[in-house]
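Trainee: One file: my_file_12.pdb (PDB, C-alpha atoms).
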ATOM      1  CA  PHE A 259       5.092  -4.112 -14.905
ATOM      2  CA  GLY A 260       6.779  -1.926 -12.362
ATOM      3  CA  ALA A 261      10.318  -0.718 -12.053
ATOM      4  CA  GLY A 262      12.330   2.132 -10.677
ATOM      5  CA  ALA A 263      11.035   5.518 -11.708
ATOM      6  CA  GLY A 264      13.297   7.228 -14.177
ATOM      7  CA  PRO A 265      13.940   7.640 -17.890
ATOM      8  CA  THR A 266      12.398   4.296 -18.781
ATOM      9  CA  GLY A 267       8.882   5.657 -18.828
ATOM     10  CA  PRO A 268       6.883   8.792 -19.496
ATOM     11  CA  PRO A 269       6.654  11.421 -16.731
ATOM     12  CA  GLN A 270       3.055  10.406 -16.190
ATOM     13  CA  ARG A 271       0.980   7.343 -16.991
ATOM     14  CA  ILE A 272      -0.702   7.787 -20.369
ATOM     15  CA  THR A 273      -3.974   5.914 -20.200
ATOM     16  CA  LYS A 274      -6.551   7.859 -22.159
ATOM     17  CA  ARG A 275      -6.749   9.428 -25.559
ATOM     18  CA  ASN A 276      -9.071  11.802 -27.341
ATOM     19  CA  LYS A 277      -9.338  13.124 -30.888
ATOM     20  CA  ASP A 278      -6.106  15.060 -30.401
ATOM     21  CA  GLY A 279      -4.138  12.000 -29.250
ATOM     22  CA  PRO A 280      -2.997  10.635 -25.876
ATOM     23  CA  VAL A 281      -3.736  12.612 -22.750
ATOM     24  CA  ASP A 282      -1.846  12.331 -19.482
ATOM     25  CA  ALA A 283      -3.600  11.068 -16.401
ATOM     26  CA  PRO A 284      -2.734  12.825 -13.130
ATOM     27  CA  PRO A 285       0.017  11.113 -11.127
ATOM     28  CA  GLY A 286      -1.273   8.413  -8.838
ATOM     29  CA  ASP A 287      -0.191   5.405  -6.849
ATOM     30  CA  PHE A 288       1.034   3.521  -9.910
ATOM     31  CA  GLN A 289       3.553   6.200 -10.765
ATOM     32  CA  THR A 290       4.455   6.701  -7.102
ATOM     33  CA  PHE A 291       5.534   3.078  -6.895
ATOM     34  CA  GLY A 292       7.585   3.317 -10.067
ATOM     35  CA  ALA A 293       5.177   1.878 -12.634
ATOM     36  CA  VAL A 294       5.653   2.737 -16.281
ATOM     37  CA  MET A 295       3.286   2.356 -19.197
ATOM     38  CA  VAL A 296       3.243  -1.192 -20.554
ATOM     39  CA  THR A 297       4.830  -0.989 -23.991
ATOM     40  CA  PRO A 298       7.389  -3.188 -25.764
ATOM     41  CA  LYS A 299       9.798  -0.243 -25.837
ATOM     42  CA  ASN A 300       9.562   0.374 -22.084
ATOM     43  CA  PHE A 301      10.062  -3.310 -21.315
ATOM     44  CA  TYR A 302      13.099  -3.352 -23.600
ATOM     45  CA  ARG A 303      14.501  -0.291 -21.837
ATOM     46  CA  LEU A 304      14.029  -1.865 -18.424
ATOM     47  CA  MET A 305      15.859  -5.020 -19.416
ATOM     48  CA  SER A 306      18.608  -3.217 -21.312
ATOM     49  CA  THR A 307      19.409  -1.062 -18.265
ATOM     50  CA  GLY A 308      19.455  -3.997 -15.861
ATOM     51  CA  GLN A 309      16.333  -3.008 -13.933
ATOM     52  CA  ALA A 310      13.866  -5.370 -12.323
ATOM     53  CA  GLY A 311      10.401  -5.549 -13.819
ATOM     54  CA  LEU A 312       7.115  -6.941 -12.516
ATOM     55  CA  LEU A 313       5.185  -8.117 -15.560
ATOM     56  CA  PHE A 314       1.602  -9.422 -15.707
ATOM     57  CA  PRO A 315       1.357 -11.430 -18.960
ATOM     58  CA  GLY A 316      -2.379 -11.980 -18.464
ATOM     59  CA  GLY A 317      -2.926  -8.239 -18.273
ATOM     60  CA  VAL A 318      -6.344  -6.734 -17.795
ATOM     61  CA  ARG A 319      -8.062  -9.970 -18.846
ATOM     62  CA  GLU A 320      -6.853 -11.689 -15.681
ATOM     63  CA  VAL A 321      -7.365  -8.688 -13.418
ATOM     64  CA  PHE A 322     -10.938  -8.092 -14.576
ATOM     65  CA  HIS A 323     -11.876 -11.761 -14.682
ATOM     66  CA  GLY A 324     -15.435 -13.010 -14.669
ATOM     67  CA  LYS A 325     -17.410 -15.312 -12.426
ATOM     68  CA  GLY A 326     -15.779 -18.687 -11.884
ATOM     69  CA  GLU A 327     -12.500 -17.543 -13.439
ATOM     70  CA  GLU A 328     -10.601 -16.985 -10.201
ATOM     71  CA  TYR A 329      -6.900 -17.762 -10.570
ATOM     72  CA  GLU A 330      -7.182 -18.761 -14.218
ATOM     73  CA  LEU A 331      -4.387 -17.687 -16.544
ATOM     74  CA  PHE A 332      -5.127 -15.833 -19.770
ATOM     75  CA  TRP A 333      -1.702 -15.455 -21.315
ATOM     76  CA  PRO A 334      -1.248 -14.533 -24.980
ATOM     77  CA  GLU A 335       0.324 -17.063 -27.323
ATOM     78  CA  LYS A 336       3.343 -14.917 -28.148
ATOM     79  CA  ALA A 337       6.491 -15.425 -26.082
ATOM     80  CA  ASP A 338       7.825 -11.909 -26.688
ATOM     81  CA  PHE A 339       8.674 -11.104 -23.070
ATOM     82  CA  VAL A 340      10.866 -14.221 -22.873
ATOM     83  CA  ARG A 341      12.694 -13.204 -26.045
ATOM     84  CA  VAL A 342      13.442  -9.749 -24.623
ATOM     85  CA  ALA A 343      14.528 -11.252 -21.301
ATOM     86  CA  ALA A 344      16.831 -13.649 -23.154
ATOM     87  CA  ARG A 345      18.265 -10.787 -25.182
ATOM     88  CA  PHE A 346      19.690  -9.352 -21.944
ATOM     89  CA  ASN A 347      20.227 -12.633 -20.027
ATOM     90  CA  ALA A 348      17.608 -11.695 -17.451
ATOM     91  CA  THR A 349      16.330 -14.169 -14.860
ATOM     92  CA  ILE A 350      12.584 -14.833 -14.866
ATOM     93  CA  VAL A 351      11.001 -15.621 -11.491
ATOM     94  CA  PRO A 352       7.325 -16.710 -11.589
ATOM     95  CA  ILE A 353       5.266 -15.327  -8.705
ATOM     96  CA  SER A 354       1.997 -17.026  -7.772
ATOM     97  CA  ALA A 355      -0.361 -14.859  -5.708
ATOM     98  CA  VAL A 356      -3.545 -16.065  -4.035
ATOM     99  CA  GLY A 357      -6.017 -14.080  -1.965
ATOM    100  CA  SER A 358      -7.271 -11.086  -3.891
ATOM    101  CA  ALA A 359      -9.916 -12.980  -5.845
ATOM    102  CA  ASP A 360     -11.344 -14.261  -2.553
ATOM    103  CA  SER A 361     -11.739 -10.783  -1.089
ATOM    104  CA  ALA A 362     -14.767  -9.828  -3.178
ATOM    105  CA  ASN A 363     -17.897 -11.406  -4.639
ATOM    106  CA  ILE A 364     -18.539 -10.763  -8.323
ATOM    107  CA  LEU A 365     -22.129  -9.747  -8.968
ATOM    108  CA  LEU A 366     -21.724  -8.933 -12.664
ATOM    109  CA  GLY A 367     -18.819  -9.969 -14.871
ATOM    110  CA  PRO A 368     -17.242  -7.635 -17.453
ATOM    111  CA  GLU A 369     -19.378  -8.961 -20.305
ATOM    112  CA  GLU A 370     -22.521  -8.580 -18.217
ATOM    113  CA  MET A 371     -21.521  -5.002 -17.436
ATOM    114  CA  LEU A 372     -21.358  -4.252 -21.162
ATOM    115  CA  ASN A 373     -24.934  -5.478 -21.518
ATOM    116  CA  LEU A 374     -26.378  -3.142 -18.892
ATOM    117  CA  PRO A 375     -29.468  -1.216 -20.072
ATOM    118  CA  PHE A 376     -30.160   2.518 -20.295
ATOM    119  CA  GLY A 377     -26.946   3.184 -22.169
ATOM    120  CA  LEU A 378     -24.737   2.196 -19.242
ATOM    121  CA  GLY A 379     -23.170  -0.684 -21.136
ATOM    122  CA  ASP A 380     -22.464   1.525 -24.154
ATOM    123  CA  ARG A 381     -20.772   4.111 -21.961
ATOM    124  CA  LEU A 382     -18.555   1.444 -20.440
ATOM    125  CA  LYS A 383     -17.672   0.172 -23.902
ATOM    126  CA  LYS A 384     -16.700   3.645 -25.116
ATOM    127  CA  SER A 385     -14.634   4.251 -22.000
ATOM    128  CA  SER A 386     -12.849   0.934 -22.512
ATOM    129  CA  GLU A 387     -12.101   1.681 -26.155
ATOM    130  CA  SER A 388     -10.567   5.035 -25.214
ATOM    131  CA  THR A 389      -8.048   3.263 -22.995
ATOM    132  CA  ILE A 390      -4.842   2.507 -24.846
ATOM    133  CA  SER A 391      -4.143  -1.200 -25.215
ATOM    134  CA  ALA A 392      -0.953  -2.444 -23.578
ATOM    135  CA  ARG A 393      -0.281  -4.758 -26.517
ATOM    136  CA  PHE A 394       1.061  -3.023 -29.624
ATOM    137  CA  ASP A 395      -0.382  -5.656 -31.966
ATOM    138  CA  ARG A 396      -3.946  -5.395 -30.685
ATOM    139  CA  SER A 397      -6.569  -2.693 -30.928
ATOM    140  CA  ASN A 398      -8.059  -0.963 -27.912
ATOM    141  CA  SER A 399     -11.334  -2.804 -28.423
ATOM    142  CA  ASP A 400      -9.578  -6.177 -28.110
ATOM    143  CA  GLU A 401      -8.772  -5.588 -24.439
ATOM    144  CA  ARG A 402     -11.746  -4.816 -22.240
ATOM    145  CA  PHE A 403     -10.922  -2.303 -19.527
ATOM    146  CA  VAL A 404     -14.255  -2.973 -17.850
ATOM    147  CA  PRO A 405     -14.080  -4.076 -14.212
ATOM    148  CA  PRO A 406     -16.694  -6.457 -12.841
ATOM    149  CA  LEU A 407     -19.258  -5.231 -10.340
ATOM    150  CA  VAL A 408     -18.124  -6.603  -6.995
ATOM    151  CA  VAL A 409     -19.136  -6.526  -3.366
ATOM    152  CA  PRO A 410     -16.164  -6.502  -0.963
ATOM    153  CA  THR A 411     -16.073  -9.298   1.577
ATOM    154  CA  VAL A 412     -13.924  -9.986   4.611
ATOM    155  CA  PRO A 413     -10.334  -9.654   3.310
ATOM    156  CA  ALA A 414      -8.821 -13.028   2.592
ATOM    157  CA  ARG A 415      -5.291 -13.903   3.615
ATOM    158  CA  HIS A 416      -2.837 -13.299   0.799
ATOM    159  CA  TYR A 417      -0.153 -15.811  -0.132
ATOM    160  CA  PHE A 418       2.811 -15.282  -2.448
ATOM    161  CA  VAL A 419       5.015 -18.066  -3.742
ATOM    162  CA  PHE A 420       8.204 -17.444  -5.701
ATOM    163  CA  GLY A 421       8.676 -20.294  -8.136
ATOM    164  CA  LYS A 422      11.710 -21.805  -9.792
ATOM    165  CA  PRO A 423      13.856 -19.122 -11.468
ATOM    166  CA  PHE A 424      14.558 -19.417 -15.188
ATOM    167  CA  ASP A 425      18.017 -18.465 -16.448
ATOM    168  CA  THR A 426      17.543 -17.050 -19.947
ATOM    169  CA  SER A 427      21.285 -16.821 -20.618
ATOM    170  CA  THR A 428      21.063 -20.378 -21.932
ATOM    171  CA  VAL A 429      18.468 -19.382 -24.541
ATOM    172  CA  ASP A 430      19.156 -17.672 -27.858
ATOM    173  CA  HIS A 431      16.658 -14.823 -28.133
ATOM    174  CA  ASP A 432      16.506 -15.397 -31.901
ATOM    175  CA  ASP A 433      15.444 -19.011 -31.384
ATOM    176  CA  ARG A 434      11.673 -18.648 -31.307
ATOM    177  CA  THR A 435      11.133 -22.336 -30.594
ATOM    178  CA  ALA A 436      13.378 -22.280 -27.533
ATOM    179  CA  CYS A 437      11.773 -19.065 -26.279
ATOM    180  CA  THR A 438       8.294 -20.511 -26.761
ATOM    181  CA  THR A 439       9.323 -23.611 -24.832
ATOM    182  CA  MET A 440      10.618 -21.550 -21.910
ATOM    183  CA  TYR A 441       7.485 -19.405 -22.042
ATOM    184  CA  GLY A 442       5.384 -22.516 -21.541
ATOM    185  CA  GLU A 443       7.628 -23.679 -18.696
ATOM    186  CA  VAL A 444       7.330 -20.316 -16.925
ATOM    187  CA  LYS A 445       3.554 -20.425 -17.259
ATOM    188  CA  SER A 446       3.419 -24.009 -15.980
ATOM    189  CA  GLU A 447       5.580 -23.127 -12.978
ATOM    190  CA  LEU A 448       3.308 -20.221 -12.094
ATOM    191  CA  ARG A 449       0.249 -22.450 -12.526
ATOM    192  CA  ARG A 450       1.821 -25.056 -10.250
ATOM    193  CA  GLY A 451       2.409 -22.412  -7.584
ATOM    194  CA  LEU A 452      -1.216 -21.322  -7.695
ATOM    195  CA  ASP A 453      -2.508 -24.885  -7.469
ATOM    196  CA  ASP A 454      -0.148 -25.724  -4.599
ATOM    197  CA  VAL A 455      -1.189 -22.692  -2.553
ATOM    198  CA  LEU A 456      -4.909 -23.228  -3.166
ATOM    199  CA  VAL A 457      -4.541 -26.697  -1.627
ATOM    200  CA  ALA A 458      -2.008 -25.861   1.093
ATOM    201  CA  ARG A 459      -3.891 -22.876   2.485
ATOM    202  CA  GLU A 460      -6.641 -25.203   3.663
ATOM    203  CA  LYS A 461      -4.138 -26.307   6.318
ATOM    204  CA  ASP A 462      -3.406 -22.750   7.422
ATOM    205  CA  PRO A 463      -4.568 -22.602  11.056
ATOM    206  CA  PHE A 464      -5.041 -18.851  10.748
ATOM    207  CA  LYS A 465      -6.715 -18.652   7.372
ATOM    208  CA  ASP A 466      -9.824 -17.278   9.089
ATOM    209  CA  PHE A 467      -9.696 -13.484   9.254
ATOM    210  CA  ALA A 468     -11.120 -13.020  12.749
ATOM    211  CA  ARG A 469      -8.906 -15.648  14.370
ATOM    212  CA  ARG A 470      -5.806 -14.370  12.598
ATOM    213  CA  ILE A 471      -6.379 -10.733  13.561
ATOM    214  CA  ALA A 472      -7.097 -11.686  17.182
ATOM    215  CA  VAL A 473      -3.847 -13.615  17.468
ATOM    216  CA  GLU A 474      -1.832 -10.857  15.809
ATOM    217  CA  ARG A 475      -3.329  -8.191  18.080
ATOM    218  CA  ILE A 476      -2.490 -10.162  21.192
ATOM    219  CA  SER A 477       0.978 -11.324  20.155
ATOM    220  CA  GLY A 478       2.010  -8.281  18.165
ATOM    221  CA  LYS A 479       3.428 -10.632  15.538
ATOM    222  CA  PRO A 480       2.185 -11.962  12.187
ATOM    223  CA  ALA A 481       0.211 -15.163  12.635
ATOM    224  CA  PRO A 482       2.023 -18.233  11.274
ATOM    225  CA  THR A 483       0.712 -20.097   8.279
ATOM    226  CA  PHE A 484       1.043 -23.619   6.870
ATOM    227  CA  GLY A 485       4.462 -25.266   6.705
ATOM    228  CA  ILE A 486       6.452 -24.879   3.512
ATOM    229  CA  GLU A 487       6.443 -28.649   3.092
ATOM    230  CA  GLU A 488       2.711 -28.474   2.368
ATOM    231  CA  LEU A 489       3.498 -26.880  -1.006
ATOM    232  CA  ASN A 490       5.099 -30.104  -2.166
ATOM    233  CA  ASN A 491       2.306 -32.455  -1.122
TER
END
Would it be possible to restate this file's structure as structure tokens?
Mentor:
Amino acid sequence: FGAGAGPTGPPQRITKRNKDGPVDAPPGDFQTFGAVMVTPKNFYRLMSTGQAGLLFPGGVREVFHGKGEEYELFWPEKADFVRVAARFNATIVPISAVGSADSANILLGPEEMLNLPFGLGDRLKKSSESTISARFDRSNSDERFVPPLVVPTVPARHYFVFGKPFDTSTVDHDDRTACTTMYGEVKSELRRGLDDVLVAREKDPFKDFARRIAVERISGKPAPTFGIEELNN
């Protein structure tokens, strides 16, 4: 998740560790844009100080998905982020994003990468295990930080849909059943947004990269897309 840079996170992103403990990675784009290390404590701090957070429940499993897994959700069973949000009466807004998975062709999925010969797969496995897991209740080996081997294609048009907001002030953060129910509703709303966009974009007259860029160059304006009513069909 991302939020305003400040006391909520470490001065630098801690991503690797060695025999002496965590080591700091040099500052990069993530820190520049206000990202903090994904930990329960940092998320709690963000919510307790009234900051906005951009959280990816599916984590690295969704980012480094395999072949045929485009736009699938791999959320954990625990509803912890809803409980923390409810603790501080935060509003949860699901965001469905489509486009990135269509901008590259996967040649080898993460599991296939780990099976590469000549020790390459073993090196990837060791590198993954040295990356600190974002989930406190899971070991580093449980989350594979192994990207697929991809070939970039013509950039696809990106679509973002903000779903129905969820007011957590009506939920008792100590009521695990209620939090689990809202967790499922948030996930379903995000899933609905993805499915709606995947269908609606077929009616985008400027979905094609070349046509869209040509129109934008000539007009100097962003090319229009499908009508908002298409999301409800």
Trainee: To one decimal place in Å, what is the distance between CA of Asp380 in chain A and CA of Glu320 in chain A?
Mentor: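 Going from CA of Asp380 in chain A over to CA of Glu320 in chain A, I get 22.1 Å.
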Trainee: Interatomic distance between CA of Ala355 in chain A and CA of Phe418 in chain A?
Mentor: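 Distance reported for this atom pair: 4.6 Å.
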Trainee: With the file shown as input, list the residues that the PyMOL selection byres ((chain A and resi 366) around 10) selects, as a PyMOL selection string.
Mentor: chain A and resi 324-325+363-365+367-372+374+405-409
Trainee: Using only C-alpha atoms, please write the residues we just selected to a file, as a PDB file, in the frame of the given file.
Mentor:
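Wrote result37.pdb, looks like this:
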ATOM      1  CA  GLY A 324     -15.435 -13.010 -14.669  1.00  0.00           C
ATOM      2  CA  LYS A 325     -17.410 -15.312 -12.426  1.00  0.00           C
ATOM      3  CA  ASN A 363     -17.897 -11.406  -4.639  1.00  0.00           C
ATOM      4  CA  ILE A 364     -18.539 -10.763  -8.323  1.00  0.00           C
ATOM      5  CA  LEU A 365     -22.129  -9.747  -8.968  1.00  0.00           C
ATOM      6  CA  GLY A 367     -18.819  -9.969 -14.871  1.00  0.00           C
ATOM      7  CA  PRO A 368     -17.242  -7.635 -17.453  1.00  0.00           C
ATOM      8  CA  GLU A 369     -19.378  -8.961 -20.305  1.00  0.00           C
ATOM      9  CA  GLU A 370     -22.521  -8.580 -18.217  1.00  0.00           C
ATOM     10  CA  MET A 371     -21.521  -5.002 -17.436  1.00  0.00           C
ATOM     11  CA  LEU A 372     -21.358  -4.252 -21.162  1.00  0.00           C
ATOM     12  CA  LEU A 374     -26.378  -3.142 -18.892  1.00  0.00           C
ATOM     13  CA  PRO A 405     -14.080  -4.076 -14.212  1.00  0.00           C
ATOM     14  CA  PRO A 406     -16.694  -6.457 -12.841  1.00  0.00           C
ATOM     15  CA  LEU A 407     -19.258  -5.231 -10.340  1.00  0.00           C
ATOM     16  CA  VAL A 408     -18.124  -6.603  -6.995  1.00  0.00           C
ATOM     17  CA  VAL A 409     -19.136  -6.526  -3.366  1.00  0.00           C
TER      18      VAL A 409
END
Trainee: Could you write out as a PyMOL selection string the residues that the PyMOL selection byres ((chain A and resi 479-481) around 12) matches in the shown file?
Mentor: chain A and resi 415+462-478+482-484
Trainee: To one decimal place, how far is CA of Ser354 in chain A from CA of Leu456 in chain A in Å?
Mentor: 10.4 Å
Trainee: Can you work out which one of A:Lys422, A:Arg434, A:Arg381, A:Arg402 has the shortest atom-to-atom distance to Val321 in chain A, counting all atoms listed in the file?
Mentor: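 Looking only at the distances to Val321 in chain A, the closest residue turns out to be A:Arg402.
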Trainee: So what does the PyMOL selection byres ((chain A and resi 432) around 10) actually pick up in this one, as a list in words?
Mentor: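 Here the PyMOL selection byres ((chain A and resi 432) around 10) matches Arg341, Val342, Ala344, Arg345, Val429, Asp430, His431, Asp433, Arg434, Thr435, Ala436 and Cys437 of chain A.
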Trainee: Go ahead and dump the residues you just picked, C-alpha atoms, as a short mmCIF file (atom, residue, chain, number, x, y, z; two decimals), in the coordinates of the input.
Mentor:
data_model
loop_
_atom_site.label_atom_id
_atom_site.label_comp_id
_atom_site.auth_asym_id
_atom_site.auth_seq_id
_atom_site.Cartn_x
_atom_site.Cartn_y
_atom_site.Cartn_z
CA ARG A 341 12.69 -13.20 -26.04
CA VAL A 342 13.44 -9.75 -24.62
CA ALA A 344 16.83 -13.65 -23.15
CA ARG A 345 18.26 -10.79 -25.18
CA VAL A 429 18.47 -19.38 -24.54
CA ASP A 430 19.16 -17.67 -27.86
CA HIS A 431 16.66 -14.82 -28.13
CA ASP A 433 15.44 -19.01 -31.38
CA ARG A 434 11.67 -18.65 -31.31
CA THR A 435 11.13 -22.34 -30.59
CA ALA A 436 13.38 -22.28 -27.53
CA CYS A 437 11.77 -19.07 -26.28
#
Trainee: Go through A:Met305, A:Ile486, A:Leu382, A:Ala310 one by one, measure the shortest atom-to-atom distance of each to Phe346 in chain A using only C-alpha atoms, and give the residue with the smallest value.
Mentor: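 Nearest candidate to Phe346 in chain A out of A:Met305, A:Ile486, A:Leu382, A:Ala310: A:Met305.
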Trainee: Under the rule that only C-alpha atoms are counted, which of A:Phe376, A:Phe301, A:Phe332, A:Phe424 is the nearest residue to Thr349 in chain A?
Mentor: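 Of all the options, A:Phe424 lies closest to Thr349 in chain A.
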Trainee: Considering all atoms listed in the file, tabulate each residue of range 367-453 of chain A that lies at most 9 Å from range 334-337 of chain A along with its nearest interatomic pair and the corresponding distance in Å to one decimal; arrange the rows by chain and ascending residue number and present them as CSV.
Mentor:
residue,atom,partner,partner_atom,distance
A:Arg434,CA,A:Ala337,CA,8.0
A:Cys437,CA,A:Ala337,CA,6.4
A:Thr438,CA,A:Ala337,CA,5.4
A:Thr439,CA,A:Ala337,CA,8.8
A:Met440,CA,A:Ala337,CA,8.5
A:Tyr441,CA,A:Ala337,CA,5.8
A:Gly442,CA,A:Ala337,CA,8.5
Trainee: Restricted to C-alpha atoms, what would the selected residues look like written as a PDB file, in the frame of the given file?
Mentor:
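Final output, result_28.pdb:
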ATOM      1  CA  ARG A 434      11.673 -18.648 -31.307  1.00  0.00           C
ATOM      2  CA  CYS A 437      11.773 -19.065 -26.279  1.00  0.00           C
ATOM      3  CA  THR A 438       8.294 -20.511 -26.761  1.00  0.00           C
ATOM      4  CA  THR A 439       9.323 -23.611 -24.832  1.00  0.00           C
ATOM      5  CA  MET A 440      10.618 -21.550 -21.910  1.00  0.00           C
ATOM      6  CA  TYR A 441       7.485 -19.405 -22.042  1.00  0.00           C
ATOM      7  CA  GLY A 442       5.384 -22.516 -21.541  1.00  0.00           C
TER       8      GLY A 442
END
Trainee: Provide range 348-361 of chain A rebuilt to N, CA, C and O atoms, formatted as a short mmCIF file (atom, residue, chain, number, x, y, z; two decimals), in the frame of the given file.
Mentor:
data_model
loop_
_atom_site.label_atom_id
_atom_site.label_comp_id
_atom_site.auth_asym_id
_atom_site.auth_seq_id
_atom_site.Cartn_x
_atom_site.Cartn_y
_atom_site.Cartn_z
N ALA A 348 18.34 -11.94 -18.69
CA ALA A 348 17.61 -11.70 -17.45
C ALA A 348 17.12 -13.02 -16.85
O ALA A 348 16.98 -14.02 -17.55
N THR A 349 16.89 -13.01 -15.55
CA THR A 349 16.33 -14.17 -14.86
C THR A 349 14.84 -13.95 -14.64
O THR A 349 14.43 -12.91 -14.14
N ILE A 350 14.04 -14.92 -15.02
CA ILE A 350 12.58 -14.83 -14.87
C ILE A 350 12.17 -15.62 -13.63
O ILE A 350 12.49 -16.81 -13.50
N VAL A 351 11.47 -14.97 -12.71
CA VAL A 351 11.00 -15.62 -11.49
C VAL A 351 9.47 -15.57 -11.45
O VAL A 351 8.89 -14.50 -11.25
N PRO A 352 8.79 -16.69 -11.66
CA PRO A 352 7.32 -16.71 -11.59
C PRO A 352 6.85 -16.44 -10.16
O PRO A 352 7.41 -16.98 -9.21
N ILE A 353 5.84 -15.62 -10.02
CA ILE A 353 5.27 -15.33 -8.70
C ILE A 353 3.78 -15.69 -8.72
O ILE A 353 3.01 -15.13 -9.52
N SER A 354 3.40 -16.62 -7.88
CA SER A 354 2.00 -17.03 -7.77
C SER A 354 1.38 -16.34 -6.56
O SER A 354 1.89 -16.47 -5.45
N ALA A 355 0.30 -15.61 -6.79
CA ALA A 355 -0.36 -14.86 -5.71
C ALA A 355 -1.80 -15.32 -5.57
O ALA A 355 -2.55 -15.38 -6.55
N VAL A 356 -2.18 -15.61 -4.34
CA VAL A 356 -3.54 -16.07 -4.04
C VAL A 356 -4.12 -15.22 -2.90
O VAL A 356 -3.42 -14.93 -1.93
N GLY A 357 -5.36 -14.83 -3.03
CA GLY A 357 -6.02 -14.08 -1.96
C GLY A 357 -6.92 -12.98 -2.45
O GLY A 357 -8.02 -12.79 -1.93
N SER A 358 -6.48 -12.25 -3.46
CA SER A 358 -7.27 -11.09 -3.89
C SER A 358 -8.62 -11.48 -4.46
O SER A 358 -9.63 -10.81 -4.22
N ALA A 359 -8.66 -12.56 -5.23
CA ALA A 359 -9.92 -12.98 -5.84
C ALA A 359 -10.93 -13.47 -4.82
O ALA A 359 -12.12 -13.57 -5.12
N ASP A 360 -10.45 -13.78 -3.61
CA ASP A 360 -11.34 -14.26 -2.55
C ASP A 360 -11.81 -13.14 -1.64
O ASP A 360 -12.51 -13.39 -0.66
N SER A 361 -11.40 -11.92 -1.94
CA SER A 361 -11.74 -10.78 -1.09
C SER A 361 -12.92 -9.98 -1.61
O SER A 361 -13.21 -8.90 -1.11
#
